[in-house]
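Peer 1: Before I ask anything, here is the structure I am working with.
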Amino acid sequence: MQHPAFEEVTVHQHHADDATFKKKVRKTTILLSVITVIELAIGLSIYTLHKGENPSALLILMFKGMVCILTLAKAYYIVSVFMHLGDEIRNMIMTIVVPLMLFVWFIAAFIWDGNSYKNLRNKYDQHFKETTMPAKHRPADTTEVKKSGKE
Amino acid sequence: MSTTATTHQTKWWSGGKSPFNLEYGKLMMWYFLMSDAFTFGAFLISYGSIRFSQNFWPDPNVVFNAFPGAGHANLPLAFVSVMTFILIISSVTMVLAVHAGHNGDKRGVMKWLAWTIVGGLAFLGCQAWEWHHLITGQHAVLADGAIEMIGQTTRTNPWGDLVHNTSAITAALNNSSHETLVHLAHEYPREGTAASLDALEKMTNGQLAGMVDVAHAHIREKGPIAFGGYFYGITGFHGFHVFSGVIINTIMLLMTQKNVFQNRGHYLMIEKAGLYWHFVDLVWVFVFLCFYLI
């Protein structure tokens, strides 16, 4: 089918019939809503864990990891269904997706850097450590602080 | 897709055909959005980097727990989930507007575009309320041996660690301003000492200090200042995208109404506006993750 306005553009593959289209949109909407509700449930679980006496750092980290994965799933559905990127030609998809791979390095490097800065400051800047470390991680009696403690 | 792509693949690059089988404007919109994704990504990654460099970072559930009309009720995540659903729904109405455009259905395009604009405005309204609430809400913090009341701005952050040392708070009450003490004695009175604001205003600092229920006043230390700059900067930048999206959609609505697309023979412009609007929703998914969930 020739496109009415641009003769160099030939097809618009995602012209599905109305029934299929509506079904797909409804399915995606429900999916996005369900994922959001799960994310909220996990967010509230993290809140409850934080309020508890001894929150398990590992469990909280796992919950946060799950939310990140669910967010990526949401992003995938928005881009591929709502923005129809999934219906485009593969080469075109790659010109968008391949540059985005830069984010893998981008996120890892900068989070790593921030974390390393924190560790260095805690090691060499006692004032920073004493004034910013949350009370839970502070020794109860400050006269007994050992210099070797890496807390 | 795959069949058309493979049969024409070689010919498409020899001229006369679009290699990506896309019109120029739509392709460029995609590349713009990709660059915008890097802008947002850089902001969010910078936020992550600073957050990882701190020993303490406020728990979002403590910061964002208010709901319009609910007073001081503790409702973590409630309002932001409303905002998230508003954007998801407005994304769906935009999909329907684009689809109506494919069918050349002018009334359908106008109806769904109008709903998308309503969703965008509702989101902006929610954000305005949230910002106003955070900036003007005063919270008691213990700093330099005195209690002061501060809001969440780009220079102050009242969401530090909870102070458990009640004797430090009691000592700090004696150094605090009359206004702060009146507020605390009013909000957190010891049992049996509740009094009207007028009566409290007339009392001395010493009297007021004795009336504050120190154990229940939830007094915190000052939190990391960077929080405010990143929160207002990034949600503001996103809000600006929503705002410009609303403007673009309004222009599209007016153009549709004036039969511009009808006369042109296609509604491809709606498709490009749609891409932009979905991108705004996409970015919110990540802002929601970084500021409210983790």
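Residue names in the structure tokens use chain letters A, B, ... in the order shown, residue numbers from 1 in each chain, and ligand numbers from 1 in the order shown.
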Taking 4 positions as the minimum chain separation for residues in the same chain, which residues sit within 10 Å of B:Gly274 when counting only C-alpha atoms? Answer as a PDB file with N, CA and C atoms, in the first residue's frame.

Peer 2:
ATOM      1  N   PHE A  82       2.739   1.190  22.806  1.00  0.00           N
ATOM      2  CA  PHE A  82       2.163   2.528  22.661  1.00  0.00           C
ATOM      3  C   PHE A  82       2.911   3.344  21.604  1.00  0.00           C
ATOM      4  N   MET A  83       4.230   3.230  21.573  1.00  0.00           N
ATOM      5  CA  MET A  83       4.996   4.018  20.614  1.00  0.00           C
ATOM      6  C   MET A  83       5.231   3.247  19.315  1.00  0.00           C
TER       7      MET A  83
ATOM      8  N   SER B  91      -1.813   8.377  28.458  1.00  0.00           N
ATOM      9  CA  SER B  91      -1.068   7.724  27.380  1.00  0.00           C
ATOM     10  C   SER B  91      -2.011   6.845  26.551  1.00  0.00           C
ATOM     11  N   THR B  93      -5.278   7.274  26.150  1.00  0.00           N
ATOM     12  CA  THR B  93      -6.158   8.109  25.317  1.00  0.00           C
ATOM     13  C   THR B  93      -5.380   8.645  24.108  1.00  0.00           C
ATOM     14  N   MET B  94      -4.069   8.881  24.294  1.00  0.00           N
ATOM     15  CA  MET B  94      -3.265   9.343  23.150  1.00  0.00           C
ATOM     16  C   MET B  94      -3.157   8.245  22.089  1.00  0.00           C
ATOM     17  N   VAL B  95      -2.974   6.995  22.536  1.00  0.00           N
ATOM     18  CA  VAL B  95      -2.937   5.879  21.581  1.00  0.00           C
ATOM     19  C   VAL B  95      -4.231   5.851  20.782  1.00  0.00           C
ATOM     20  N   LEU B  96      -5.349   6.071  21.480  1.00  0.00           N
ATOM     21  CA  LEU B  96      -6.651   6.038  20.806  1.00  0.00           C
ATOM     22  C   LEU B  96      -6.789   7.203  19.824  1.00  0.00           C
ATOM     23  N   ALA B  97      -6.220   8.377  20.185  1.00  0.00           N
ATOM     24  CA  ALA B  97      -6.264   9.528  19.269  1.00  0.00           C
ATOM     25  C   ALA B  97      -5.481   9.219  18.000  1.00  0.00           C
ATOM     26  N   VAL B  98      -4.282   8.613  18.166  1.00  0.00           N
ATOM     27  CA  VAL B  98      -3.455   8.274  16.998  1.00  0.00           C
ATOM     28  C   VAL B  98      -4.191   7.262  16.122  1.00  0.00           C
ATOM     29  N   LEU B 113      -7.871  13.431  21.909  1.00  0.00           N
ATOM     30  CA  LEU B 113      -6.863  14.459  22.190  1.00  0.00           C
ATOM     31  C   LEU B 113      -7.307  15.320  23.373  1.00  0.00           C
ATOM     32  N   THR B 116      -6.658  13.559  26.483  1.00  0.00           N
ATOM     33  CA  THR B 116      -5.226  13.532  26.785  1.00  0.00           C
ATOM     34  C   THR B 116      -4.791  14.851  27.418  1.00  0.00           C
ATOM     35  N   GLY B 245       4.078  19.222  26.298  1.00  0.00           N
ATOM     36  CA  GLY B 245       3.239  18.215  25.648  1.00  0.00           C
ATOM     37  C   GLY B 245       1.784  18.672  25.579  1.00  0.00           C
ATOM     38  N   ILE B 248       1.576  21.226  22.834  1.00  0.00           N
ATOM     39  CA  ILE B 248       1.612  20.583  21.512  1.00  0.00           C
ATOM     40  C   ILE B 248       0.266  19.931  21.209  1.00  0.00           C
ATOM     41  N   ASN B 249      -0.267  19.197  22.206  1.00  0.00           N
ATOM     42  CA  ASN B 249      -1.548  18.528  21.980  1.00  0.00           C
ATOM     43  C   ASN B 249      -2.673  19.529  21.736  1.00  0.00           C
ATOM     44  N   LEU B 268      -0.597  12.254  10.252  1.00  0.00           N
ATOM     45  CA  LEU B 268       0.709  11.812  10.751  1.00  0.00           C
ATOM     46  C   LEU B 268       1.244  12.722  11.853  1.00  0.00           C
ATOM     47  N   MET B 269       0.824  13.986  11.836  1.00  0.00           N
ATOM     48  CA  MET B 269       1.281  14.927  12.856  1.00  0.00           C
ATOM     49  C   MET B 269       0.853  14.464  14.247  1.00  0.00           C
ATOM     50  N   ILE B 270      -0.363  13.909  14.336  1.00  0.00           N
ATOM     51  CA  ILE B 270      -0.869  13.397  15.613  1.00  0.00           C
ATOM     52  C   ILE B 270       0.043  12.279  16.112  1.00  0.00           C
ATOM     53  N   HIS B 278       3.968   9.911  24.763  1.00  0.00           N
ATOM     54  CA  HIS B 278       4.313   8.621  25.365  1.00  0.00           C
ATOM     55  C   HIS B 278       5.673   8.691  26.028  1.00  0.00           C
ATOM     56  N   PHE B 279       6.577   9.469  25.428  1.00  0.00           N
ATOM     57  CA  PHE B 279       7.910   9.611  26.013  1.00  0.00           C
ATOM     58  C   PHE B 279       7.824  10.266  27.391  1.00  0.00           C
ATOM     59  N   VAL B 280       6.936  11.247  27.516  1.00  0.00           N
ATOM     60  CA  VAL B 280       6.733  11.913  28.801  1.00  0.00           C
ATOM     61  C   VAL B 280       6.277  10.888  29.847  1.00  0.00           C
TER      62      VAL B 280
END

Peer 1: Show which residues sit within 7 Å of B:Ser53, as a VMD selection string. Count only C-alpha atoms, and ignore same-chain residues fewer than 5 positions away.

Peer 2: chain A and resid 114 to 115 117 to 118

Peer 1: Next, the residues of the selection above should be written as a short mmCIF file (atom, residue, chain, number, x, y, z; two decimals), in the first residue's frame with N, CA and C atoms.

Peer 2:
data_model
loop_
_atom_site.label_atom_id
_atom_site.label_comp_id
_atom_site.auth_asym_id
_atom_site.auth_seq_id
_atom_site.Cartn_x
_atom_site.Cartn_y
_atom_site.Cartn_z
N GLY A 114 30.13 7.19 42.93
CA GLY A 114 29.53 7.80 44.11
C GLY A 114 29.82 6.98 45.36
N ASN A 115 29.69 5.66 45.21
CA ASN A 115 29.92 4.77 46.33
C ASN A 115 31.37 4.83 46.79
N TYR A 117 33.41 7.32 46.45
CA TYR A 117 33.63 8.62 47.10
C TYR A 117 33.18 8.56 48.56
N LYS A 118 32.03 7.92 48.78
CA LYS A 118 31.53 7.78 50.15
C LYS A 118 32.53 7.00 51.00
#

Peer 1: For chain A against chain B, which residues fall within 8 Å using only C-alpha atoms, given as a compact mmCIF listing (two decimals) with C-alpha atoms, in the first residue's frame?

Peer 2:
# COMPACT_ATOMS: atom_id res chain seq x y z
CA PRO A 4 -1.02 8.83 0.67
CA ALA A 5 1.47 11.58 1.46
CA PHE A 6 4.95 10.13 1.07
CA GLU A 7 5.70 7.97 -1.91
CA GLU A 8 8.99 6.80 -0.43
CA VAL A 9 7.08 5.35 2.51
CA THR A 10 5.26 2.19 1.51
CA VAL A 11 3.70 0.43 4.44
CA GLN A 13 2.23 -2.32 9.26
CA HIS A 15 -2.80 -0.65 10.80
CA VAL A 25 -4.44 -1.60 23.90
CA THR A 29 -3.27 -0.91 29.82
CA LEU A 32 0.83 -1.51 32.98
CA SER A 33 -1.70 -0.98 35.78
CA GLU A 39 5.42 -1.81 42.41
CA LEU A 40 3.36 0.11 44.95
CA GLY A 43 7.24 0.12 47.90
CA LEU A 44 4.95 -0.22 50.90
CA TYR A 47 8.38 1.14 54.09
CA LYS A 64 14.41 -2.54 45.17
CA VAL A 67 10.99 -2.74 41.36
CA CYS A 68 13.78 -1.82 38.91
CA THR A 71 10.02 -0.61 35.73
CA LYS A 74 6.79 -1.11 31.92
CA ALA A 75 9.20 0.88 29.76
CA ILE A 78 5.20 1.63 26.56
CA VAL A 79 7.88 1.83 23.88
CA PHE A 82 2.16 2.53 22.66
CA MET A 83 5.00 4.02 20.61
CA ASP A 87 6.32 -2.53 14.47
CA GLU A 88 9.17 -0.66 12.80
CA ILE A 89 11.90 -2.11 10.63
CA ASN A 91 17.42 -1.61 11.40
CA MET A 92 15.48 1.42 12.56
CA ILE A 96 17.47 3.69 18.70
CA LEU A 100 20.84 3.37 24.58
CA PHE A 103 23.33 3.52 29.76
CA PHE A 106 26.71 5.15 32.39
CA ILE A 107 24.69 3.86 35.34
CA PHE A 110 28.59 6.71 38.12
CA ILE A 111 26.96 4.73 40.92
CA TRP A 112 30.27 3.00 41.51
CA ASP A 113 31.99 6.37 41.59
CA GLY A 114 29.53 7.80 44.11
CA ASN A 115 29.92 4.77 46.33
CA SER A 116 33.70 4.93 46.18
CA TYR A 117 33.63 8.62 47.10
CA LYS A 118 31.53 7.78 50.15
CA ASN A 119 33.95 5.06 51.25
CA LYS A 129 31.51 10.14 59.05
CA THR A 132 26.30 12.01 58.66
CA MET A 133 26.23 8.34 59.70
CA PRO A 134 22.67 7.40 60.79
CA ALA A 135 22.30 6.75 64.52

Peer 1: What's the 12 Å shell around B:Ala217, counting only C-alpha atoms, without same-chain residues fewer than 6 positions away, as a ChimeraX atom specification?

Peer 2: /B:139-142,147,162-164,166,169-170,173,181,183-190,211

Peer 1: Which neighbours of B:Ser244 fall inside 12 Å, counting only C-alpha atoms, when residues of the same chain fewer than 3 positions from it are skipped, and could you give them as a list of chain:residue names?

Peer 2: B:Ile117, B:Gly120, B:Leu121, B:Leu124, B:Phe237, B:His238, B:Gly239, B:Phe240, B:His241, B:Ile247, B:Ile248, B:Asn249, B:Thr250, B:Ile251, B:Ala273, B:Tyr276, B:Trp277, B:Val280

Peer 1: Using DSSP on the backbone coordinates, identify the residues of stretch 123-283 of chain B assigned to strand (DSSP E); present them as a PyMOL selection string.

Peer 2: chain B and resi 139-143+146-150

Peer 1: Let me see the file: selected residues, N, CA and C atoms, as a short mmCIF file (atom, residue, chain, number, x, y, z; two decimals), in the first residue's frame.

Peer 2:
data_model
loop_
_atom_site.label_atom_id
_atom_site.label_comp_id
_atom_site.auth_asym_id
_atom_site.auth_seq_id
_atom_site.Cartn_x
_atom_site.Cartn_y
_atom_site.Cartn_z
N HIS B 139 8.72 21.60 59.18
CA HIS B 139 9.02 20.43 60.01
C HIS B 139 10.11 20.77 61.01
N ALA B 140 9.96 20.20 62.22
CA ALA B 140 10.91 20.52 63.30
C ALA B 140 12.19 19.72 63.13
N VAL B 141 13.33 20.43 63.10
CA VAL B 141 14.62 19.74 63.05
C VAL B 141 15.53 20.25 64.17
N LEU B 142 16.40 19.36 64.61
CA LEU B 142 17.38 19.71 65.65
C LEU B 142 18.69 20.07 64.93
N ALA B 143 19.09 21.35 65.07
CA ALA B 143 20.34 21.76 64.42
C ALA B 143 21.07 22.73 65.33
N ALA B 146 19.49 23.73 68.77
CA ALA B 146 18.18 24.36 68.85
C ALA B 146 17.23 23.68 67.88
N ILE B 147 15.93 23.81 68.16
CA ILE B 147 14.94 23.26 67.24
C ILE B 147 14.52 24.38 66.29
N GLU B 148 14.52 24.10 65.00
CA GLU B 148 13.97 25.09 64.07
C GLU B 148 12.98 24.42 63.13
N MET B 149 12.14 25.26 62.53
CA MET B 149 11.13 24.74 61.62
C MET B 149 11.59 25.05 60.20
N ILE B 150 11.75 24.01 59.37
CA ILE B 150 12.15 24.26 57.98
C ILE B 150 11.28 23.45 57.03
#

Peer 1: Determine which residues of stretch 52-210 of chain B DSSP labels as alpha helix (DSSP H) from the backbone of this structure, then write them out as a PyMOL selection string.

Peer 2: chain B and resi 52+60-63+78-102+106-136+166-173+178-187+197-202+205-210

Peer 1: Find the residue from B:Leu87, B:Ile219, B:Val182, B:Val212 that sits nearest to B:Asp198; use only C-alpha atoms when measuring.

Peer 2: B:Val182

Peer 1: Check the smallest atom-to-atom distance from each of B:Pro58, B:Gly104, B:Gly145, B:Gly206 to B:Ala168 using only C-alpha atoms, then report the winner.

Peer 2: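 When distances to B:Ala168 are compared using only C-alpha atoms, the smallest one comes from B:Gly145.
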
Peer 1: Quick one: distance from atom CA of A:Val98 to atom CA of B:Gly25 in Å, one decimal?

Peer 2: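 Taking atom CA of A:Val98 and atom CA of B:Gly25, their separation equals 20.8 Å.
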